[in-house]
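Visitor: So that you have it, the file is coords24.cif, and it contains mmCIF, N, CA and C atoms:
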```
data_query
loop_
_atom_site.label_atom_id
_atom_site.label_comp_id
_atom_site.auth_asym_id
_atom_site.auth_seq_id
_atom_site.Cartn_x
_atom_site.Cartn_y
_atom_site.Cartn_z
N MET A 283 9.61 -6.04 -21.01
CA MET A 283 8.82 -5.95 -19.79
C MET A 283 8.14 -4.59 -19.74
N ILE A 284 7.03 -4.55 -19.04
CA ILE A 284 6.29 -3.30 -18.90
C ILE A 284 6.87 -2.49 -17.75
N GLN A 285 7.07 -1.21 -17.97
CA GLN A 285 7.60 -0.33 -16.95
C GLN A 285 6.60 0.80 -16.73
N ILE A 286 6.20 0.97 -15.48
CA ILE A 286 5.24 2.02 -15.14
C ILE A 286 6.00 3.34 -15.02
N LYS A 287 5.52 4.34 -15.74
CA LYS A 287 6.15 5.65 -15.71
C LYS A 287 5.17 6.67 -15.15
N ASN A 288 5.71 7.67 -14.45
CA ASN A 288 4.91 8.75 -13.89
C ASN A 288 5.53 10.08 -14.26
N THR A 289 4.68 11.10 -14.33
CA THR A 289 5.14 12.44 -14.63
C THR A 289 5.51 13.13 -13.32
N VAL A 290 6.75 13.63 -13.28
CA VAL A 290 7.28 14.27 -12.08
C VAL A 290 7.72 15.68 -12.44
N LEU A 291 7.53 16.59 -11.50
CA LEU A 291 7.98 17.97 -11.69
C LEU A 291 9.30 18.12 -10.94
N ARG A 292 10.41 18.18 -11.68
CA ARG A 292 11.74 18.36 -11.09
C ARG A 292 12.42 19.56 -11.74
N ASP A 293 12.95 20.42 -10.91
CA ASP A 293 13.62 21.64 -11.38
C ASP A 293 12.71 22.46 -12.29
N GLY A 294 11.42 22.45 -11.99
CA GLY A 294 10.46 23.23 -12.76
C GLY A 294 10.09 22.63 -14.11
N LYS A 295 10.58 21.41 -14.40
CA LYS A 295 10.30 20.77 -15.69
C LYS A 295 9.53 19.48 -15.46
N LYS A 296 8.58 19.23 -16.35
CA LYS A 296 7.83 17.97 -16.32
C LYS A 296 8.65 16.90 -17.03
N ILE A 297 8.94 15.82 -16.31
CA ILE A 297 9.65 14.71 -16.93
C ILE A 297 8.95 13.41 -16.56
N GLU A 298 9.08 12.43 -17.45
CA GLU A 298 8.52 11.10 -17.17
C GLU A 298 9.65 10.20 -16.71
N ILE A 299 9.45 9.60 -15.53
CA ILE A 299 10.46 8.68 -15.01
C ILE A 299 9.78 7.39 -14.55
N ALA A 300 10.56 6.34 -14.42
CA ALA A 300 10.04 5.06 -13.94
C ALA A 300 9.62 5.21 -12.48
N GLY A 301 8.54 4.52 -12.11
CA GLY A 301 8.01 4.60 -10.76
C GLY A 301 9.02 4.23 -9.69
N LYS A 302 9.94 3.31 -10.02
CA LYS A 302 10.94 2.88 -9.04
C LYS A 302 11.99 3.96 -8.78
N ASN A 303 12.08 4.98 -9.64
CA ASN A 303 13.06 6.06 -9.47
C ASN A 303 12.50 7.28 -8.76
N ILE A 304 11.26 7.21 -8.33
CA ILE A 304 10.65 8.32 -7.60
C ILE A 304 11.17 8.31 -6.17
N VAL A 305 11.49 9.49 -5.66
CA VAL A 305 12.04 9.61 -4.31
C VAL A 305 11.16 10.52 -3.45
N VAL A 306 11.36 10.44 -2.14
CA VAL A 306 10.62 11.28 -1.20
C VAL A 306 10.90 12.74 -1.53
N GLY A 307 9.84 13.54 -1.58
CA GLY A 307 9.98 14.95 -1.91
C GLY A 307 9.64 15.29 -3.35
N ASP A 308 9.53 14.28 -4.22
CA ASP A 308 9.15 14.53 -5.61
C ASP A 308 7.71 15.03 -5.67
N LEU A 309 7.44 15.91 -6.62
CA LEU A 309 6.09 16.38 -6.90
C LEU A 309 5.61 15.62 -8.12
N ILE A 310 4.61 14.76 -7.95
CA ILE A 310 4.13 13.96 -9.08
C ILE A 310 2.80 14.51 -9.57
N LEU A 311 2.60 14.40 -10.87
CA LEU A 311 1.37 14.84 -11.52
C LEU A 311 0.62 13.59 -11.95
N LEU A 312 -0.62 13.45 -11.49
CA LEU A 312 -1.39 12.24 -11.73
C LEU A 312 -2.65 12.54 -12.53
N ALA A 313 -3.05 11.58 -13.36
CA ALA A 313 -4.27 11.68 -14.16
C ALA A 313 -4.94 10.31 -14.20
N ALA A 314 -6.15 10.27 -14.75
CA ALA A 314 -6.91 9.02 -14.82
C ALA A 314 -6.08 7.92 -15.47
N GLY A 315 -6.09 6.74 -14.84
CA GLY A 315 -5.36 5.59 -15.36
C GLY A 315 -3.99 5.39 -14.73
N ASP A 316 -3.47 6.40 -14.04
CA ASP A 316 -2.15 6.29 -13.43
C ASP A 316 -2.18 5.37 -12.21
N ILE A 317 -1.12 4.60 -12.04
CA ILE A 317 -0.93 3.81 -10.83
C ILE A 317 -0.04 4.63 -9.91
N ILE A 318 -0.43 4.74 -8.66
CA ILE A 318 0.29 5.58 -7.71
C ILE A 318 1.56 4.85 -7.27
N PRO A 319 2.74 5.46 -7.49
CA PRO A 319 4.01 4.78 -7.26
C PRO A 319 4.53 4.84 -5.82
N ALA A 320 3.93 5.68 -4.98
CA ALA A 320 4.42 5.88 -3.62
C ALA A 320 3.30 6.48 -2.77
N ASP A 321 3.50 6.51 -1.46
CA ASP A 321 2.53 7.19 -0.60
C ASP A 321 2.73 8.70 -0.76
N CYS A 322 1.61 9.42 -0.93
CA CYS A 322 1.69 10.85 -1.23
C CYS A 322 0.61 11.62 -0.48
N TYR A 323 0.84 12.92 -0.33
CA TYR A 323 -0.19 13.84 0.14
C TYR A 323 -0.59 14.73 -1.02
N ILE A 324 -1.88 14.92 -1.19
CA ILE A 324 -2.41 15.70 -2.31
C ILE A 324 -2.22 17.19 -2.04
N LEU A 325 -1.65 17.88 -3.02
CA LEU A 325 -1.52 19.33 -2.94
C LEU A 325 -2.68 20.01 -3.64
N GLU A 326 -3.04 19.52 -4.82
CA GLU A 326 -4.17 20.03 -5.60
C GLU A 326 -4.86 18.85 -6.25
N SER A 327 -6.19 18.96 -6.37
CA SER A 327 -6.92 17.89 -7.07
C SER A 327 -8.13 18.48 -7.78
N ASN A 328 -8.57 17.78 -8.82
CA ASN A 328 -9.74 18.17 -9.58
C ASN A 328 -10.57 16.92 -9.84
N GLU A 329 -11.68 16.78 -9.12
CA GLU A 329 -12.59 15.63 -9.28
C GLU A 329 -11.83 14.31 -9.23
N LEU A 330 -10.98 14.14 -8.25
CA LEU A 330 -10.12 12.98 -8.13
C LEU A 330 -10.85 11.82 -7.44
N HIS A 331 -10.89 10.67 -8.11
CA HIS A 331 -11.45 9.43 -7.55
C HIS A 331 -10.40 8.33 -7.70
N VAL A 332 -10.18 7.60 -6.60
CA VAL A 332 -9.12 6.60 -6.56
C VAL A 332 -9.69 5.24 -6.18
N ASN A 333 -9.21 4.21 -6.86
CA ASN A 333 -9.59 2.84 -6.54
C ASN A 333 -8.61 2.32 -5.48
N GLU A 334 -9.10 2.16 -4.23
CA GLU A 334 -8.26 1.70 -3.12
C GLU A 334 -8.61 0.28 -2.70
N SER A 335 -9.25 -0.48 -3.58
CA SER A 335 -9.72 -1.82 -3.21
C SER A 335 -8.57 -2.75 -2.83
N SER A 336 -7.37 -2.53 -3.35
CA SER A 336 -6.24 -3.40 -3.00
C SER A 336 -5.83 -3.24 -1.54
N LEU A 337 -6.15 -2.11 -0.92
CA LEU A 337 -5.80 -1.88 0.48
C LEU A 337 -6.99 -2.01 1.42
N THR A 338 -8.12 -1.40 1.04
CA THR A 338 -9.27 -1.34 1.96
C THR A 338 -10.35 -2.35 1.63
N GLY A 339 -10.36 -2.88 0.41
CA GLY A 339 -11.40 -3.81 0.00
C GLY A 339 -12.68 -3.10 -0.44
N GLU A 340 -12.67 -1.79 -0.42
CA GLU A 340 -13.83 -1.02 -0.83
C GLU A 340 -14.03 -1.14 -2.34
N SER A 341 -15.26 -1.46 -2.75
CA SER A 341 -15.50 -1.76 -4.16
C SER A 341 -15.69 -0.53 -5.03
N TYR A 342 -16.03 0.61 -4.43
CA TYR A 342 -16.26 1.82 -5.22
C TYR A 342 -15.07 2.78 -5.08
N PRO A 343 -14.80 3.56 -6.13
CA PRO A 343 -13.73 4.55 -6.04
C PRO A 343 -14.01 5.57 -4.95
N VAL A 344 -12.96 6.05 -4.31
CA VAL A 344 -13.05 7.00 -3.21
C VAL A 344 -12.70 8.38 -3.72
N ARG A 345 -13.50 9.38 -3.34
CA ARG A 345 -13.21 10.76 -3.71
C ARG A 345 -12.10 11.29 -2.82
N LYS A 346 -11.09 11.91 -3.43
CA LYS A 346 -9.96 12.45 -2.69
C LYS A 346 -9.88 13.95 -2.91
N THR A 347 -9.49 14.67 -1.87
CA THR A 347 -9.32 16.12 -1.94
C THR A 347 -8.02 16.51 -1.28
N SER A 348 -7.67 17.77 -1.39
CA SER A 348 -6.44 18.25 -0.75
C SER A 348 -6.68 18.76 0.66
N THR A 349 -7.91 18.65 1.17
CA THR A 349 -8.23 19.10 2.52
C THR A 349 -7.50 18.23 3.54
N PRO A 350 -6.70 18.85 4.42
CA PRO A 350 -5.93 18.06 5.40
C PRO A 350 -6.83 17.27 6.36
N THR A 351 -6.37 16.09 6.75
CA THR A 351 -7.05 15.28 7.75
C THR A 351 -6.08 15.00 8.89
N GLU A 352 -6.61 14.50 9.99
CA GLU A 352 -5.78 14.21 11.16
C GLU A 352 -4.83 13.04 10.88
N GLU A 353 -3.65 13.10 11.46
CA GLU A 353 -2.66 12.03 11.31
C GLU A 353 -3.16 10.73 11.94
N SER A 354 -4.02 10.84 12.95
CA SER A 354 -4.52 9.65 13.65
C SER A 354 -5.69 8.98 12.93
N ALA A 355 -6.17 9.60 11.85
CA ALA A 355 -7.29 9.03 11.10
C ALA A 355 -6.91 7.69 10.48
N THR A 356 -7.90 6.81 10.36
CA THR A 356 -7.65 5.50 9.75
C THR A 356 -7.37 5.66 8.26
N LEU A 357 -6.85 4.60 7.67
CA LEU A 357 -6.45 4.60 6.27
C LEU A 357 -7.56 5.08 5.33
N GLU A 358 -8.76 4.54 5.50
CA GLU A 358 -9.85 4.89 4.59
C GLU A 358 -10.44 6.28 4.85
N LYS A 359 -10.11 6.91 5.96
CA LYS A 359 -10.61 8.24 6.29
C LYS A 359 -9.68 9.36 5.84
N ARG A 360 -8.50 9.01 5.38
CA ARG A 360 -7.54 10.03 4.95
C ARG A 360 -7.83 10.43 3.51
N ASP A 361 -8.62 11.47 3.37
CA ASP A 361 -9.04 11.93 2.05
C ASP A 361 -7.96 12.71 1.31
N ASN A 362 -6.91 13.10 2.01
CA ASN A 362 -5.85 13.89 1.37
C ASN A 362 -4.60 13.05 1.06
N ALA A 363 -4.70 11.73 1.22
CA ALA A 363 -3.53 10.87 1.00
C ALA A 363 -3.79 9.87 -0.12
N LEU A 364 -2.73 9.57 -0.85
CA LEU A 364 -2.77 8.55 -1.90
C LEU A 364 -1.79 7.47 -1.50
N TRP A 365 -2.14 6.22 -1.76
CA TRP A 365 -1.33 5.10 -1.30
C TRP A 365 -0.76 4.32 -2.48
N GLN A 366 0.48 3.86 -2.31
CA GLN A 366 1.13 3.06 -3.34
C GLN A 366 0.29 1.83 -3.66
N GLY A 367 0.21 1.48 -4.93
CA GLY A 367 -0.53 0.29 -5.34
C GLY A 367 -1.98 0.55 -5.70
N THR A 368 -2.46 1.76 -5.44
CA THR A 368 -3.83 2.12 -5.85
C THR A 368 -3.74 2.83 -7.19
N ASN A 369 -4.90 3.09 -7.81
CA ASN A 369 -4.86 3.75 -9.12
C ASN A 369 -5.94 4.81 -9.24
N ILE A 370 -5.66 5.79 -10.10
CA ILE A 370 -6.57 6.91 -10.34
C ILE A 370 -7.65 6.45 -11.31
N VAL A 371 -8.92 6.60 -10.90
CA VAL A 371 -10.04 6.23 -11.76
C VAL A 371 -10.45 7.42 -12.62
N SER A 372 -10.54 8.60 -12.00
CA SER A 372 -10.89 9.80 -12.76
C SER A 372 -10.32 11.03 -12.07
N GLY A 373 -10.18 12.10 -12.84
CA GLY A 373 -9.68 13.35 -12.30
C GLY A 373 -8.18 13.49 -12.45
N THR A 374 -7.68 14.59 -11.88
CA THR A 374 -6.25 14.87 -11.91
C THR A 374 -5.80 15.35 -10.53
N ALA A 375 -4.50 15.28 -10.29
CA ALA A 375 -3.97 15.74 -9.00
C ALA A 375 -2.48 15.99 -9.12
N SER A 376 -1.99 16.82 -8.21
CA SER A 376 -0.56 16.93 -7.99
C SER A 376 -0.34 16.58 -6.53
N ALA A 377 0.70 15.80 -6.27
CA ALA A 377 0.92 15.30 -4.91
C ALA A 377 2.41 15.25 -4.61
N ILE A 378 2.72 15.36 -3.33
CA ILE A 378 4.11 15.28 -2.88
C ILE A 378 4.35 13.90 -2.27
N VAL A 379 5.45 13.26 -2.66
CA VAL A 379 5.78 11.92 -2.19
C VAL A 379 6.31 11.99 -0.76
N VAL A 380 5.74 11.16 0.13
CA VAL A 380 6.18 11.14 1.53
C VAL A 380 6.80 9.80 1.94
N ALA A 381 6.58 8.75 1.17
CA ALA A 381 7.17 7.44 1.49
C ALA A 381 7.28 6.61 0.22
N THR A 382 8.35 5.82 0.12
CA THR A 382 8.55 4.95 -1.04
C THR A 382 8.96 3.56 -0.58
N GLY A 383 8.85 2.60 -1.49
CA GLY A 383 9.32 1.24 -1.24
C GLY A 383 8.68 0.56 -0.05
N SER A 384 9.50 -0.04 0.81
CA SER A 384 8.98 -0.78 1.96
C SER A 384 8.51 0.13 3.08
N ASN A 385 8.70 1.43 2.97
CA ASN A 385 8.23 2.38 3.98
C ASN A 385 6.79 2.81 3.75
N THR A 386 6.17 2.34 2.67
CA THR A 386 4.79 2.70 2.37
C THR A 386 3.82 1.77 3.10
N VAL A 387 2.54 2.10 3.06
CA VAL A 387 1.51 1.26 3.66
C VAL A 387 1.51 -0.11 2.98
N PHE A 388 1.57 -0.10 1.65
CA PHE A 388 1.58 -1.35 0.89
C PHE A 388 2.83 -2.17 1.22
N GLY A 389 3.97 -1.50 1.36
CA GLY A 389 5.21 -2.17 1.71
C GLY A 389 5.17 -2.80 3.09
N SER A 390 4.52 -2.12 4.04
CA SER A 390 4.42 -2.69 5.39
C SER A 390 3.52 -3.91 5.40
N ILE A 391 2.52 -3.93 4.53
CA ILE A 391 1.64 -5.10 4.43
C ILE A 391 2.43 -6.29 3.87
N THR A 392 3.23 -6.06 2.85
CA THR A 392 4.01 -7.15 2.28
C THR A 392 5.05 -7.67 3.26
N LYS A 393 5.64 -6.77 4.08
CA LYS A 393 6.60 -7.20 5.10
C LYS A 393 5.91 -8.08 6.14
N SER A 394 4.71 -7.68 6.55
CA SER A 394 4.00 -8.43 7.59
C SER A 394 3.54 -9.80 7.10
N MET A 395 3.40 -9.97 5.78
CA MET A 395 3.01 -11.26 5.24
C MET A 395 4.12 -12.29 5.37
N GLY A 396 5.36 -11.83 5.49
CA GLY A 396 6.49 -12.73 5.63
C GLY A 396 6.63 -13.31 7.03
N VAL A 397 5.97 -12.69 8.01
CA VAL A 397 6.05 -13.15 9.39
C VAL A 397 4.96 -14.19 9.62
N VAL A 398 5.35 -15.37 10.11
CA VAL A 398 4.41 -16.45 10.35
C VAL A 398 4.14 -16.54 11.84
N HIS A 399 2.87 -16.46 12.20
CA HIS A 399 2.46 -16.60 13.59
C HIS A 399 1.73 -17.93 13.74
N GLU A 400 2.11 -18.69 14.74
CA GLU A 400 1.47 -19.97 15.00
C GLU A 400 0.16 -19.73 15.74
N THR A 401 -0.94 -20.28 15.20
CA THR A 401 -2.24 -20.13 15.83
C THR A 401 -2.39 -21.13 16.97
N ALA A 402 -3.39 -20.91 17.82
CA ALA A 402 -3.65 -21.82 18.93
C ALA A 402 -4.00 -23.22 18.41
N PHE A 403 -4.71 -23.28 17.29
CA PHE A 403 -5.07 -24.58 16.70
C PHE A 403 -3.82 -25.34 16.27
N GLU A 404 -2.91 -24.64 15.57
CA GLU A 404 -1.67 -25.27 15.12
C GLU A 404 -0.82 -25.74 16.30
N LYS A 405 -0.77 -24.93 17.34
CA LYS A 405 -0.02 -25.31 18.54
C LYS A 405 -0.62 -26.57 19.18
N GLY A 406 -1.95 -26.62 19.26
CA GLY A 406 -2.63 -27.78 19.83
C GLY A 406 -2.39 -29.04 19.03
N ILE A 407 -2.44 -28.93 17.71
CA ILE A 407 -2.19 -30.09 16.83
C ILE A 407 -0.76 -30.58 17.00
N LYS A 408 0.20 -29.64 17.10
CA LYS A 408 1.60 -30.03 17.28
C LYS A 408 1.79 -30.77 18.61
N GLU A 409 1.20 -30.23 19.68
CA GLU A 409 1.31 -30.88 21.00
C GLU A 409 0.66 -32.27 20.98
N PHE A 410 -0.48 -32.38 20.32
CA PHE A 410 -1.16 -33.68 20.23
C PHE A 410 -0.30 -34.67 19.45
N GLY A 411 0.35 -34.23 18.39
CA GLY A 411 1.24 -35.08 17.60
C GLY A 411 2.41 -35.59 18.44
N PHE A 412 3.02 -34.69 19.25
CA PHE A 412 4.11 -35.11 20.13
C PHE A 412 3.62 -36.11 21.18
N PHE A 413 2.41 -35.87 21.69
CA PHE A 413 1.82 -36.79 22.66
C PHE A 413 1.65 -38.19 22.06
N LEU A 414 1.12 -38.26 20.83
CA LEU A 414 0.95 -39.55 20.16
C LEU A 414 2.31 -40.21 19.89
N MET A 415 3.31 -39.42 19.54
CA MET A 415 4.63 -39.95 19.28
C MET A 415 5.23 -40.55 20.57
N LYS A 416 5.05 -39.87 21.69
CA LYS A 416 5.54 -40.37 22.97
C LYS A 416 4.88 -41.70 23.34
N ILE A 417 3.57 -41.77 23.16
CA ILE A 417 2.83 -43.01 23.47
C ILE A 417 3.33 -44.16 22.57
N THR A 418 3.55 -43.86 21.28
CA THR A 418 4.02 -44.87 20.33
C THR A 418 5.40 -45.39 20.73
N VAL A 419 6.29 -44.51 21.16
CA VAL A 419 7.63 -44.91 21.57
C VAL A 419 7.55 -45.79 22.83
N VAL A 420 6.73 -45.38 23.82
CA VAL A 420 6.59 -46.15 25.05
C VAL A 420 6.03 -47.52 24.75
N LEU A 421 4.98 -47.60 23.91
CA LEU A 421 4.38 -48.88 23.59
C LEU A 421 5.33 -49.77 22.78
N SER A 422 6.17 -49.17 21.97
CA SER A 422 7.13 -49.93 21.17
C SER A 422 8.20 -50.59 22.06
N LEU A 423 8.60 -49.85 23.09
CA LEU A 423 9.61 -50.40 23.99
C LEU A 423 9.03 -51.54 24.78
#
```
Would you write the structure of this file as structure tokens?

Guide:
Amino acid sequence: MIQIKNTVLRDGKKIEIAGKNIVVGDLILLAAGDIIPADCYILESNELHVNESSLTGESYPVRKTSTPTEESATLEKRDNALWQGTNIVSGTASAIVVATGSNTVFGSITKSMGVVHETAFEKGIKEFGFFLMKITVVLSL
């Protein structure tokens, strides 16, 4: 099986570890072609462009910098953040991990997909079906 590995700076040493073993607080080093393993804030970047189409649907790579943005900014306006499931198109960066696993933006999307909400149309069809069933039972008797 294929295992995604990322370069992490731990105890002052660069080591390659599996993406699933990255924890909050790790300093990761990213380059073109890397898949981002967790939600991160950029500390340093050099001509960094990221493909965020899996989250925002934007077809062109987004330029990212280490310039801080407001916490209330929308997902696509956060130029200093990297999101799990996106990938580096060009450039390099070092970033600090702030969320992993189901605590990431991508993880919250997958959790919300498991929740089923009944639409007004579905509710109407169900009520109409029960109405027809009641009429059928009455007419049968």

Visitor: Enumerate the residues of range 371-403 of chain A with a DSSP assignment of helix (DSSP H, G or I), computed from the backbone, and present them as a ChimeraX atom specification.

Guide: /A:383-385,387-395,402-403

Visitor: Could you tell me which residues the PyMOL selection byres (((chain A and resi 346 and name CA) around 12) and name CA) returns for this structure, as a PyMOL selection string?

Guide: chain A and resi 322-334+343-345+347-351+358-365+369-377

Visitor: Using Å and a single decimal, report how far atom N of Phe388 in chain A sits from CA of Gln366 in chain A.

Guide: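 CA of Gln366 in chain A sits 5.9 Å away from atom N of Phe388 in chain A.
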
Visitor: Might you pull out every residue within 8 Å of Val290 in chain A, with all atoms listed in the file counted and same-chain residues fewer than 3 positions away left off, and present them as a count of residues only?

Guide: 13

Visitor: Show which residues sit within 8 Å of Val387 in chain A, as number ranges by chain. Count all atoms listed in the file, and ignore same-chain residues fewer than 3 positions away.

Guide: A: 320-321, 337, 365-366, 381-384, 390-393

Visitor: Among chain A, which residues carry a DSSP assignment of strand (DSSP E), reported as number ranges by chain?

Guide: A: 287-292, 295-300, 309-313, 321-333, 344-346, 363-364, 369-381

Visitor: Excluding Ile286 in chain A and residues on its chain fewer than 4 positions from it, collect all residues at most 6.5 Å away from it, counting all atoms listed in the file, and give them as a list of chain:residue names.

Guide: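 That gives A:Ile299, A:Ala300, A:Gly301, A:Lys302.
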
Visitor: Kindly indicate which residue among A:Gly307, A:Gly406, A:Pro319, A:Gly367 lies nearest to Ser335 in chain A, using all atoms listed in the file for the distances.

Guide: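 Between A:Gly307, A:Gly406, A:Pro319, A:Gly367, the residue approaching Ser335 in chain A most closely is A:Gly367.
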
Visitor: Looking at all atoms listed in the file, which of A:Ser422, A:His399, A:Asn288, A:Val380 is the one that sits closest to Asp316 in chain A?

Guide: A:Asn288

Visitor: Just give me the gap between CA of Leu357 in chain A and atom N of Gly339 in chain A in Å, one decimal is fine.

Guide: 10.3 Å

Visitor: Please report the interatomic distance between CA of Val306 in chain A and atom N of Ser341 in chain A in Å with one decimal.

Guide: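 Distance reported for this atom pair: 28.9 Å.
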
Visitor: Put a box with edges along x, y and z around all the listed atoms of range 367-371 of chain A, pad it by 4 Å on each side, then give me its centre and sizes in Å, one decimal, as JSON.

Guide:
```
{"center_x": -5.1, "center_y": 3.9, "center_z": -8.8, "size_x": 18.7, "size_y": 15.1, "size_z": 15.7}
```

Visitor: Could you check which of A:Ile284, A:Leu423, A:Met415, A:Ile317 is closest to Thr368 in chain A, using all atoms listed in the file?

Guide: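 Using all atoms listed in the file, the shortest distance to Thr368 in chain A belongs to A:Ile317.
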